[in-house]
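J.: Dropping in protein.txt, which is compact mmCIF, C-alpha atoms:
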```txt
# COMPACT_ATOMS: atom_id res chain seq x y z
CA MET P 1 91.55 81.17 75.25
CA LEU P 2 94.31 83.34 76.64
CA ALA P 3 94.87 86.64 74.90
CA ILE P 4 98.06 86.94 72.87
CA ARG P 5 100.22 90.04 73.00
CA VAL P 6 102.92 90.41 70.35
CA ARG P 7 105.97 92.47 71.32
CA ARG P 8 107.59 94.75 68.78
CA ARG P 9 111.19 93.49 69.04
CA LYS P 10 112.44 95.02 65.80
CA ALA P 11 111.59 98.49 67.04
CA VAL P 12 113.46 97.87 70.30
CA ALA P 13 116.48 96.61 68.37
CA LEU P 14 116.57 99.83 66.34
CA VAL P 15 116.48 101.89 69.52
CA THR P 16 119.31 99.79 70.96
CA ALA P 17 121.46 100.19 67.88
CA ALA P 18 121.04 103.96 67.90
CA VAL P 19 121.90 104.27 71.59
CA LEU P 20 125.00 102.10 71.36
CA ALA P 21 126.18 104.00 68.30
CA GLY P 22 126.31 107.13 70.44
CA LEU P 23 123.44 108.87 68.69
CA ALA P 24 120.91 111.05 70.47
CA THR P 25 118.50 108.87 72.35
CA PRO P 26 115.31 108.49 70.29
CA ALA P 27 111.91 108.05 71.84
CA LEU P 28 111.34 104.45 72.83
CA THR P 29 109.02 102.89 70.27
CA ALA P 30 108.42 99.60 72.04
CA ALA P 31 104.92 99.74 73.39
CA PRO P 32 104.92 99.24 77.19
CA ALA P 33 102.78 96.49 78.63
CA THR P 34 99.32 97.76 79.40
CA ALA P 35 97.91 97.95 82.88
CA THR P 36 95.56 95.11 82.06
CA ALA P 37 98.34 92.75 80.96
CA THR P 38 99.23 90.15 83.55
CA ALA P 39 101.72 87.33 83.88
CA THR P 40 98.95 84.90 83.02
CA THR P 41 98.61 86.47 79.55
CA SER P 42 100.22 84.33 76.89
CA THR P 43 102.74 86.24 74.77
CA THR P 44 104.58 85.62 71.53
CA THR P 45 107.94 87.12 70.56
CA ASP P 46 110.21 87.29 67.55
CA TYR P 47 112.41 84.74 69.35
CA ASP P 48 109.89 81.93 69.83
CA SER P 49 110.75 80.15 66.58
CA THR P 50 114.51 80.55 67.09
CA TYR P 51 115.96 81.31 70.53
CA TYR P 52 113.10 79.75 72.54
CA LYS P 53 112.07 77.04 70.08
CA ASN P 54 113.06 74.19 72.44
CA ALA P 55 111.06 75.72 75.31
CA ILE P 56 107.78 76.51 73.60
CA GLY P 57 104.95 74.30 74.82
CA ARG P 58 106.75 73.06 77.94
CA THR P 59 105.78 73.63 81.58
CA GLY P 60 107.14 72.88 85.05
CA THR P 61 110.56 71.29 85.46
CA SER P 62 110.74 70.55 81.73
CA LEU P 63 110.38 74.24 80.91
CA LYS P 64 112.87 75.26 83.59
CA SER P 65 115.44 72.75 82.34
CA SER P 66 115.00 73.83 78.73
CA LEU P 67 115.34 77.53 79.60
CA HIS P 68 118.43 76.79 81.70
CA THR P 69 120.12 75.20 78.70
CA ILE P 70 119.14 78.09 76.43
CA ILE P 71 120.22 80.99 78.63
CA SER P 72 123.42 79.33 79.88
CA ASP P 73 124.94 79.96 76.45
CA GLN P 74 126.26 83.42 77.21
CA THR P 75 129.28 85.68 77.04
CA LYS P 76 130.59 86.46 80.53
CA LEU P 77 131.82 89.87 81.60
CA SER P 78 134.46 90.88 84.12
CA TYR P 79 133.25 92.84 87.11
CA SER P 80 135.08 95.97 85.90
CA ALA P 81 133.35 95.70 82.51
CA VAL P 82 129.98 95.87 84.27
CA TRP P 83 130.42 99.62 84.88
CA ASP P 84 130.30 100.56 81.20
CA ALA P 85 127.67 97.94 80.42
CA LEU P 86 125.26 99.41 82.97
CA LYS P 87 125.71 102.84 81.40
CA ALA P 88 124.16 101.38 78.24
CA THR P 89 121.61 98.96 79.69
CA ASP P 90 120.13 101.43 82.20
CA GLN P 91 120.45 104.66 80.26
CA ASP P 92 117.80 107.26 81.02
CA PRO P 93 115.54 107.46 77.95
CA ALA P 94 115.13 111.20 78.60
CA ASN P 95 118.83 111.97 79.18
CA SER P 96 121.53 109.93 77.44
CA GLY P 97 124.14 111.17 79.91
CA ASN P 98 122.37 109.56 82.89
CA VAL P 99 121.33 106.18 84.21
CA ILE P 100 118.13 105.39 86.13
CA LEU P 101 118.74 104.03 89.62
CA LEU P 102 116.72 100.91 90.32
CA TYR P 103 115.20 101.34 93.78
CA SER P 104 115.21 105.14 94.09
CA GLY P 105 114.18 105.92 90.50
CA ILE P 106 116.64 108.83 90.42
CA SER P 107 118.30 109.83 87.13
CA ARG P 108 122.02 110.28 87.85
CA SER P 109 125.04 111.13 85.72
CA LYS P 110 126.80 108.12 84.22
CA SER P 111 130.11 109.64 85.35
CA LEU P 112 129.11 109.44 89.04
CA ASN P 113 129.89 105.75 89.36
CA GLY P 114 132.01 104.66 92.30
CA GLY P 115 131.88 104.12 96.03
CA ASP P 116 131.49 107.60 97.50
CA THR P 117 128.38 109.30 98.88
CA GLY P 118 126.38 110.61 95.94
CA ASP P 119 127.76 107.97 93.57
CA TRP P 120 125.95 105.00 92.09
CA ASN P 121 127.38 101.51 92.25
CA ARG P 122 126.57 97.97 91.10
CA GLU P 123 123.62 96.49 92.96
CA HIS P 124 123.32 92.69 92.97
CA VAL P 125 119.55 92.15 92.96
CA TRP P 126 120.20 88.51 93.86
CA ALA P 127 122.38 89.43 96.84
CA LYS P 128 125.84 87.99 96.23
CA SER P 129 126.03 86.58 99.77
CA HIS P 130 123.02 84.34 99.00
CA GLY P 131 125.12 81.55 97.56
CA ASP P 132 128.46 83.19 98.32
CA PHE P 133 129.35 83.94 94.70
CA GLY P 134 130.80 87.38 95.34
CA THR P 135 131.87 89.42 92.32
CA SER P 136 133.68 86.68 90.44
CA THR P 137 132.90 86.21 86.76
CA GLY P 138 129.66 84.27 86.59
CA PRO P 139 126.61 85.06 88.76
CA GLY P 140 128.55 87.92 90.34
CA THR P 141 128.85 89.70 86.98
CA ASP P 142 125.60 88.68 85.27
CA LEU P 143 124.01 91.83 83.87
CA HIS P 144 120.54 90.37 84.05
CA HIS P 145 120.51 91.04 87.82
CA LEU P 146 123.01 93.89 88.16
CA ARG P 147 121.56 97.40 88.25
CA PRO P 148 122.79 100.93 89.07
CA GLU P 149 121.83 102.14 92.54
CA ASP P 150 122.83 104.92 94.91
CA VAL P 151 125.65 103.81 97.21
CA ARG P 152 123.67 104.55 100.35
CA VAL P 153 120.46 102.93 99.12
CA ASN P 154 122.41 99.88 97.99
CA SER P 155 123.75 99.57 101.52
CA ILE P 156 120.26 99.91 103.01
CA ARG P 157 119.02 97.04 100.88
CA GLY P 158 122.12 95.00 101.81
CA ASN P 159 121.41 91.30 101.39
CA LYS P 160 117.78 91.39 102.53
CA ASP P 161 115.19 89.15 100.94
CA PHE P 162 112.18 90.69 99.18
CA ASP P 163 108.79 91.09 100.84
CA ASN P 164 106.02 93.65 101.29
CA GLY P 165 106.18 96.21 104.08
CA GLY P 166 108.60 98.40 105.94
CA SER P 167 109.46 102.07 106.35
CA ALA P 168 110.61 104.76 103.95
CA PHE P 169 114.18 106.11 103.89
CA THR P 170 116.06 108.96 102.21
CA ASP P 171 115.92 108.78 98.40
CA ASN P 172 113.68 105.73 98.65
CA GLY P 173 111.60 106.62 95.59
CA GLY P 174 108.75 104.64 97.13
CA SER P 175 110.83 101.64 98.24
CA LEU P 176 110.49 100.39 101.82
CA THR P 177 112.61 98.32 104.18
CA ASP P 178 112.51 96.68 107.60
CA SER P 179 114.88 94.48 109.59
CA ASP P 180 114.70 91.44 107.34
CA SER P 181 113.21 92.44 103.97
CA PHE P 182 113.12 95.04 101.22
CA GLU P 183 110.20 96.20 99.07
CA PRO P 184 111.16 98.02 95.85
CA ARG P 185 109.09 100.87 94.44
CA ASP P 186 105.97 99.83 92.53
CA ALA P 187 107.38 100.68 89.08
CA VAL P 188 110.13 98.04 89.35
CA LYS P 189 108.57 95.32 91.49
CA GLY P 190 108.09 93.11 88.45
CA ASP P 191 111.60 93.89 87.18
CA VAL P 192 113.04 92.69 90.49
CA ALA P 193 110.94 89.53 90.45
CA ARG P 194 111.94 88.63 86.89
CA MET P 195 115.62 89.17 87.68
CA ILE P 196 115.32 86.81 90.65
CA PHE P 197 113.53 84.16 88.58
CA TYR P 198 116.18 84.48 85.86
CA MET P 199 118.94 83.77 88.38
CA ALA P 200 117.08 80.74 89.75
CA VAL P 201 116.90 79.24 86.26
CA ARG P 202 120.34 80.26 85.00
CA TYR P 203 122.33 79.02 88.02
CA GLU P 204 121.34 75.43 88.80
CA GLY P 205 124.48 74.19 90.53
CA GLY P 206 126.69 73.80 87.45
CA ASP P 207 129.63 75.98 86.40
CA GLY P 208 131.04 75.55 89.92
CA TRP P 209 128.37 77.86 91.41
CA ALA P 210 125.62 77.21 93.94
CA ASP P 211 122.14 76.07 92.91
CA LEU P 212 120.13 79.27 93.37
CA GLU P 213 116.47 78.82 94.30
CA VAL P 214 113.51 81.02 95.22
CA ASN P 215 111.75 80.05 98.47
CA GLY P 216 109.03 81.29 100.79
CA SER P 217 111.30 82.72 103.49
CA VAL P 218 113.16 85.83 104.53
CA ASN P 219 116.38 85.79 106.58
CA ASN P 220 117.98 83.35 104.13
CA GLY P 221 121.42 84.69 105.01
CA SER P 222 124.27 83.00 103.11
CA ASN P 223 122.08 80.13 101.89
CA PRO P 224 121.59 80.09 98.09
CA TYR P 225 117.95 81.11 98.43
CA ILE P 226 115.91 84.29 98.12
CA GLY P 227 112.28 84.90 99.06
CA LYS P 228 109.49 85.38 99.21
CA LEU P 229 108.25 83.30 96.33
CA ALA P 230 104.55 84.20 96.65
CA VAL P 231 105.35 87.91 96.85
CA LEU P 232 107.71 87.81 93.86
CA LYS P 233 105.08 86.00 91.81
CA GLN P 234 102.56 88.67 92.76
CA TRP P 235 104.97 91.43 91.73
CA ASN P 236 105.63 89.73 88.40
CA ASP P 237 101.88 89.61 87.80
CA GLU P 238 101.05 93.14 88.89
CA ASP P 239 103.99 94.93 87.19
CA PRO P 240 104.41 93.51 83.65
CA PRO P 241 107.47 94.38 81.53
CA ASP P 242 107.58 97.92 80.20
CA ALA P 243 109.61 99.51 77.38
CA PHE P 244 112.61 100.22 79.64
CA GLU P 245 112.87 96.62 80.85
CA GLU P 246 112.36 95.22 77.34
CA ARG P 247 115.02 97.52 75.88
CA ARG P 248 117.41 96.50 78.65
CA ASN P 249 116.91 92.82 77.85
CA GLN P 250 117.59 93.57 74.19
CA VAL P 251 120.81 95.51 74.86
CA ILE P 252 122.17 92.70 77.04
CA HIS P 253 121.33 90.17 74.34
CA ASP P 254 122.63 92.15 71.38
CA SER P 255 125.75 93.79 72.78
CA TYR P 256 126.98 92.02 75.91
CA GLN P 257 125.99 88.56 77.12
CA HIS P 258 124.04 87.39 74.04
CA ASN P 259 121.46 85.68 76.25
CA ARG P 260 118.02 86.82 77.34
CA ASN P 261 115.91 86.97 80.48
CA PRO P 262 113.05 84.68 79.37
CA PHE P 263 110.68 86.11 81.99
CA VAL P 264 110.87 89.55 80.38
CA ASP P 265 109.86 87.97 77.06
CA HIS P 266 107.37 85.55 78.63
CA PRO P 267 106.31 86.69 82.14
CA GLU P 268 103.67 83.93 82.13
CA TRP P 269 106.47 81.35 82.36
CA VAL P 270 106.89 82.27 86.04
CA GLU P 271 103.52 80.67 86.80
CA ALA P 272 104.27 77.81 84.41
CA ILE P 273 107.37 76.88 86.47
CA TRP P 274 106.49 77.96 90.01
```
Let me see the structure of the file written as structure tokens.

T.:
Amino acid sequence: MLAIRVRRRKAVALVTAAVLAGLATPALTAAPATATATATTSTTTDYDSTYYKNAIGRTGTSLKSSLHTIISDQTKLSYSAVWDALKATDQDPANSGNVILLYSGISRSKSLNGGDTGDWNREHVWAKSHGDFGTSTGPGTDLHHLRPEDVRVNSIRGNKDFDNGGSAFTDNGGSLTDSDSFEPRDAVKGDVARMIFYMAVRYEGGDGWADLEVNGSVNNGSNPYIGKLAVLKQWNDEDPPDAFEERRNQVIHDSYQHNRNPFVDHPEWVEAIW
């Protein structure tokens, strides 16, 4: 029988409330996933009997369809509103005046958001050219795949697909890149994978947007695909959700979009669908 790991959602919610109220950032009390936890470990959450009740017990296309219906009920943000949202979702637990940059891992002042050298900007983890959705309200403003990143590093990633391998670069934090792919640092490989899988479930060709899908390729260009599937599944398995990622999911749910990334709550659902 698969082991069951129960997440402490109420503790995360208390942390979220304190942060958004402008209080000093308390220590995160949500226990991070252990090194032995994998995406094949069955989990339970406080949301299984409510938010996810129509998905529990399903697999394959049935699970994907059910999750699509659940997470499509969301509040949508404007692209300008994303700036302030990211200052809350990606706040540095050790410094409430900073955000943590996704690929480089640098802690940078919240006030240094913009387009100049030394600033951080809004990285689309599902590259916005993959499906040509740009920054319009919808997939272009969905917080579940938008993260703070250094302007230069964001440009280096560009619209490359995800894969293992490549060379280091300035402020890489352990991330690598080559001509056709990008490998994020180890600490966020699973985060990246779960954001990609979220997008592939949330955007299925309705709402006037492209049907986003994960495939086994790189060089997907403007097609509505991102790869590589096998690598992203491996990253999801090897880097389970930690307290930072779980808190982020909670803040987005409670204070902004009111939907969740199901693969943060149930990383094993990646294997159940793909």

J.: Taking a cut-off of 12 Å and counting only C-alpha atoms, can you build a table that, for each residue of region 83-182 of chain P near region 205-220 of chain P, reports the nearest atom pair and how far apart they are in Å (one decimal), sorted by chain then residue number, as JSON lines?

T.:
```
{"residue": "P:Trp126", "atom": "CA", "partner": "P:Leu212", "partner_atom": "CA", "distance": 9.3}
{"residue": "P:Ala127", "atom": "CA", "partner": "P:Asn220", "partner_atom": "CA", "distance": 10.5}
{"residue": "P:Lys128", "atom": "CA", "partner": "P:Leu212", "partner_atom": "CA", "distance": 10.8}
{"residue": "P:Ser129", "atom": "CA", "partner": "P:Asn220", "partner_atom": "CA", "distance": 9.7}
{"residue": "P:His130", "atom": "CA", "partner": "P:Asn220", "partner_atom": "CA", "distance": 7.3}
{"residue": "P:Gly131", "atom": "CA", "partner": "P:Ala210", "partner_atom": "CA", "distance": 5.7}
{"residue": "P:Asp132", "atom": "CA", "partner": "P:Ala210", "partner_atom": "CA", "distance": 7.9}
{"residue": "P:Phe133", "atom": "CA", "partner": "P:Trp209", "partner_atom": "CA", "distance": 7.0}
{"residue": "P:Gly134", "atom": "CA", "partner": "P:Trp209", "partner_atom": "CA", "distance": 10.6}
{"residue": "P:Ser136", "atom": "CA", "partner": "P:Trp209", "partner_atom": "CA", "distance": 10.3}
{"residue": "P:Thr137", "atom": "CA", "partner": "P:Trp209", "partner_atom": "CA", "distance": 10.6}
{"residue": "P:Gly138", "atom": "CA", "partner": "P:Trp209", "partner_atom": "CA", "distance": 8.1}
{"residue": "P:Pro139", "atom": "CA", "partner": "P:Trp209", "partner_atom": "CA", "distance": 7.9}
{"residue": "P:Gly140", "atom": "CA", "partner": "P:Trp209", "partner_atom": "CA", "distance": 10.1}
{"residue": "P:Gly158", "atom": "CA", "partner": "P:Asn219", "partner_atom": "CA", "distance": 11.9}
{"residue": "P:Asn159", "atom": "CA", "partner": "P:Asn220", "partner_atom": "CA", "distance": 9.1}
{"residue": "P:Lys160", "atom": "CA", "partner": "P:Asn219", "partner_atom": "CA", "distance": 7.1}
{"residue": "P:Asp161", "atom": "CA", "partner": "P:Val218", "partner_atom": "CA", "distance": 5.3}
{"residue": "P:Phe162", "atom": "CA", "partner": "P:Val218", "partner_atom": "CA", "distance": 7.3}
{"residue": "P:Asp163", "atom": "CA", "partner": "P:Val218", "partner_atom": "CA", "distance": 7.8}
{"residue": "P:Asn164", "atom": "CA", "partner": "P:Val218", "partner_atom": "CA", "distance": 11.1}
{"residue": "P:Asp178", "atom": "CA", "partner": "P:Val218", "partner_atom": "CA", "distance": 11.3}
{"residue": "P:Ser179", "atom": "CA", "partner": "P:Asn219", "partner_atom": "CA", "distance": 9.3}
{"residue": "P:Asp180", "atom": "CA", "partner": "P:Asn219", "partner_atom": "CA", "distance": 5.9}
{"residue": "P:Ser181", "atom": "CA", "partner": "P:Val218", "partner_atom": "CA", "distance": 6.6}
{"residue": "P:Phe182", "atom": "CA", "partner": "P:Val218", "partner_atom": "CA", "distance": 9.8}
```

J.: Might you pull out every residue within 9 Å of region 142-155 of chain P, with all atoms listed in the file counted and same-chain residues fewer than 2 positions away left off, and present them as an MDAnalysis selection string?

T.: chainID P and resid 76:77 79 82:83 85:87 89:90 99:106 108 113:126 137:140 157:159 169:172 192 194:196 198:199 248:249 252 256:257 260:261

J.: I'd like the interatomic distance between CA of Asp242 (chain P) and CA of Pro267 (chain P), to a tenth of an Å.

T.: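 Those two atoms sit 11.5 Å apart.
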
J.: Report, in Å to a single decimal, how far apart CA of Ala272 (chain P) and CA of Gly60 (chain P) are.

T.: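 Separation between CA of Gly60 (chain P) and CA of Ala272 (chain P): 5.7 Å.
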
J.: Using only C-alpha atoms for the distances, tell me which of P:Ile273, P:Gly227, P:Phe197, P:Thr75 is nearest to Ala55 (chain P).

T.: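 When distances to Ala55 (chain P) are compared using only C-alpha atoms, the smallest one comes from P:Ile273.
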
J.: Residues within 12 Å of Lys53 (chain P), please, as a ChimeraX atom specification. Count all atoms listed in the file; anything in the same chain fewer than 6 positions from it doesn't count.

T.: /P:44-47,63,66-67,69-70

J.: Between CA of Gly97 (chain P) and CA of Ala193 (chain P), what is the spacing in Å?

T.: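 About the pair CA of Ala193 (chain P) and CA of Gly97 (chain P): they are 27.5 Å apart.
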
J.: Please return the centre and edge lengths, in Å to one decimal, of a box with edges along x, y and z that contains all listed atoms of region 203-220 of chain P, widened by 5 Å on every side, as JSON.

T.:
```
{"center_x": 120.0, "center_y": 79.8, "center_z": 96.5, "size_x": 32.0, "size_y": 22.0, "size_z": 30.2}
```

J.: Given the choices P:Trp235, P:Lys189, P:His68, P:Pro184, which gets closest to Ala168 (chain P) if the distance is worked out from only C-alpha atoms?

T.: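 Ranked by minimum distance to Ala168 (chain P), first place goes to P:Pro184.
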
J.: Ranking P:Asp186, P:Glu245, P:Asp265, P:Asp254 by minimum distance to Pro93 (chain P) and counting all atoms listed in the file, which one comes first?

T.: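 Closest residue, counting all atoms listed in the file: P:Glu245.
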
J.: Given the block above, output region 235-262 of chain P with N, CA, C and O atoms as a compact mmCIF listing (two decimals), in the first residue's frame.

T.:
```txt
# COMPACT_ATOMS: atom_id res chain seq x y z
N TRP P 235 11.68 15.41 -12.89
CA TRP P 235 11.86 16.52 -11.97
C TRP P 235 10.76 16.56 -10.92
O TRP P 235 11.02 16.84 -9.74
N ASN P 236 9.52 16.32 -11.33
CA ASN P 236 8.41 16.30 -10.39
C ASN P 236 8.65 15.23 -9.33
O ASN P 236 8.35 15.42 -8.14
N ASP P 237 9.19 14.11 -9.74
CA ASP P 237 9.43 12.99 -8.83
C ASP P 237 10.59 13.26 -7.88
O ASP P 237 10.52 12.95 -6.69
N GLU P 238 11.66 13.84 -8.41
CA GLU P 238 12.88 14.00 -7.62
C GLU P 238 12.85 15.22 -6.71
O GLU P 238 13.58 15.27 -5.72
N ASP P 239 12.03 16.23 -7.04
CA ASP P 239 11.97 17.45 -6.23
C ASP P 239 10.52 17.69 -5.80
O ASP P 239 9.78 18.44 -6.42
N PRO P 240 10.07 17.02 -4.72
CA PRO P 240 8.69 17.16 -4.26
C PRO P 240 8.42 18.56 -3.71
O PRO P 240 9.36 19.31 -3.41
N PRO P 241 7.17 18.94 -3.57
CA PRO P 241 6.84 20.28 -3.06
C PRO P 241 7.43 20.54 -1.68
O PRO P 241 7.43 19.65 -0.82
N ASP P 242 7.94 21.75 -1.50
CA ASP P 242 8.47 22.15 -0.20
C ASP P 242 7.56 23.22 0.40
O ASP P 242 6.52 23.57 -0.17
N ALA P 243 7.94 23.76 1.55
CA ALA P 243 7.10 24.73 2.26
C ALA P 243 6.88 25.99 1.43
O ALA P 243 5.80 26.58 1.45
N PHE P 244 7.91 26.45 0.71
CA PHE P 244 7.79 27.66 -0.10
C PHE P 244 6.74 27.47 -1.21
O PHE P 244 5.88 28.33 -1.41
N GLU P 245 6.82 26.36 -1.90
CA GLU P 245 5.89 26.10 -3.00
C GLU P 245 4.47 25.90 -2.47
O GLU P 245 3.50 26.37 -3.09
N GLU P 246 4.33 25.22 -1.34
CA GLU P 246 3.01 25.00 -0.77
C GLU P 246 2.39 26.32 -0.29
O GLU P 246 1.19 26.56 -0.50
N ARG P 247 3.20 27.17 0.34
CA ARG P 247 2.70 28.47 0.78
C ARG P 247 2.26 29.31 -0.42
O ARG P 247 1.22 29.97 -0.39
N ARG P 248 3.06 29.25 -1.49
CA ARG P 248 2.73 30.01 -2.69
C ARG P 248 1.37 29.58 -3.25
O ARG P 248 0.53 30.42 -3.62
N ASN P 249 1.14 28.29 -3.32
CA ASN P 249 -0.13 27.77 -3.80
C ASN P 249 -1.28 28.28 -2.93
O ASN P 249 -2.36 28.64 -3.43
N GLN P 250 -1.04 28.33 -1.62
CA GLN P 250 -2.07 28.78 -0.69
C GLN P 250 -2.38 30.27 -0.86
O GLN P 250 -3.55 30.68 -0.82
N VAL P 251 -1.35 31.08 -1.04
CA VAL P 251 -1.56 32.52 -1.21
C VAL P 251 -2.35 32.80 -2.49
O VAL P 251 -3.27 33.62 -2.50
N ILE P 252 -2.01 32.11 -3.57
CA ILE P 252 -2.75 32.29 -4.83
C ILE P 252 -4.21 31.90 -4.64
O ILE P 252 -5.12 32.60 -5.10
N HIS P 253 -4.44 30.81 -3.95
CA HIS P 253 -5.81 30.35 -3.72
C HIS P 253 -6.58 31.31 -2.82
O HIS P 253 -7.71 31.70 -3.13
N ASP P 254 -5.98 31.71 -1.72
CA ASP P 254 -6.70 32.49 -0.71
C ASP P 254 -6.91 33.95 -1.11
O ASP P 254 -7.95 34.53 -0.80
N SER P 255 -5.92 34.55 -1.79
CA SER P 255 -5.93 36.00 -1.95
C SER P 255 -5.99 36.51 -3.38
O SER P 255 -6.20 37.71 -3.57
N TYR P 256 -5.82 35.66 -4.37
CA TYR P 256 -5.76 36.15 -5.74
C TYR P 256 -6.69 35.40 -6.69
O TYR P 256 -7.78 35.88 -7.00
N GLN P 257 -6.32 34.25 -7.14
CA GLN P 257 -7.08 33.57 -8.19
C GLN P 257 -8.15 32.62 -7.64
O GLN P 257 -9.07 32.24 -8.36
N HIS P 258 -8.02 32.23 -6.39
CA HIS P 258 -8.98 31.33 -5.74
C HIS P 258 -9.07 29.98 -6.44
O HIS P 258 -10.10 29.30 -6.36
N ASN P 259 -7.99 29.60 -7.11
CA ASN P 259 -7.85 28.22 -7.60
C ASN P 259 -6.49 27.70 -7.16
O ASN P 259 -5.66 28.45 -6.64
N ARG P 260 -6.27 26.41 -7.34
CA ARG P 260 -5.07 25.78 -6.83
C ARG P 260 -4.32 25.07 -7.95
O ARG P 260 -4.93 24.72 -8.97
N ASN P 261 -3.02 24.87 -7.75
CA ASN P 261 -2.26 23.97 -8.62
C ASN P 261 -2.40 22.58 -8.03
O ASN P 261 -1.80 22.28 -6.98
N PRO P 262 -3.17 21.69 -8.65
CA PRO P 262 -3.41 20.37 -8.05
C PRO P 262 -2.16 19.52 -7.92
O PRO P 262 -2.12 18.61 -7.08
```
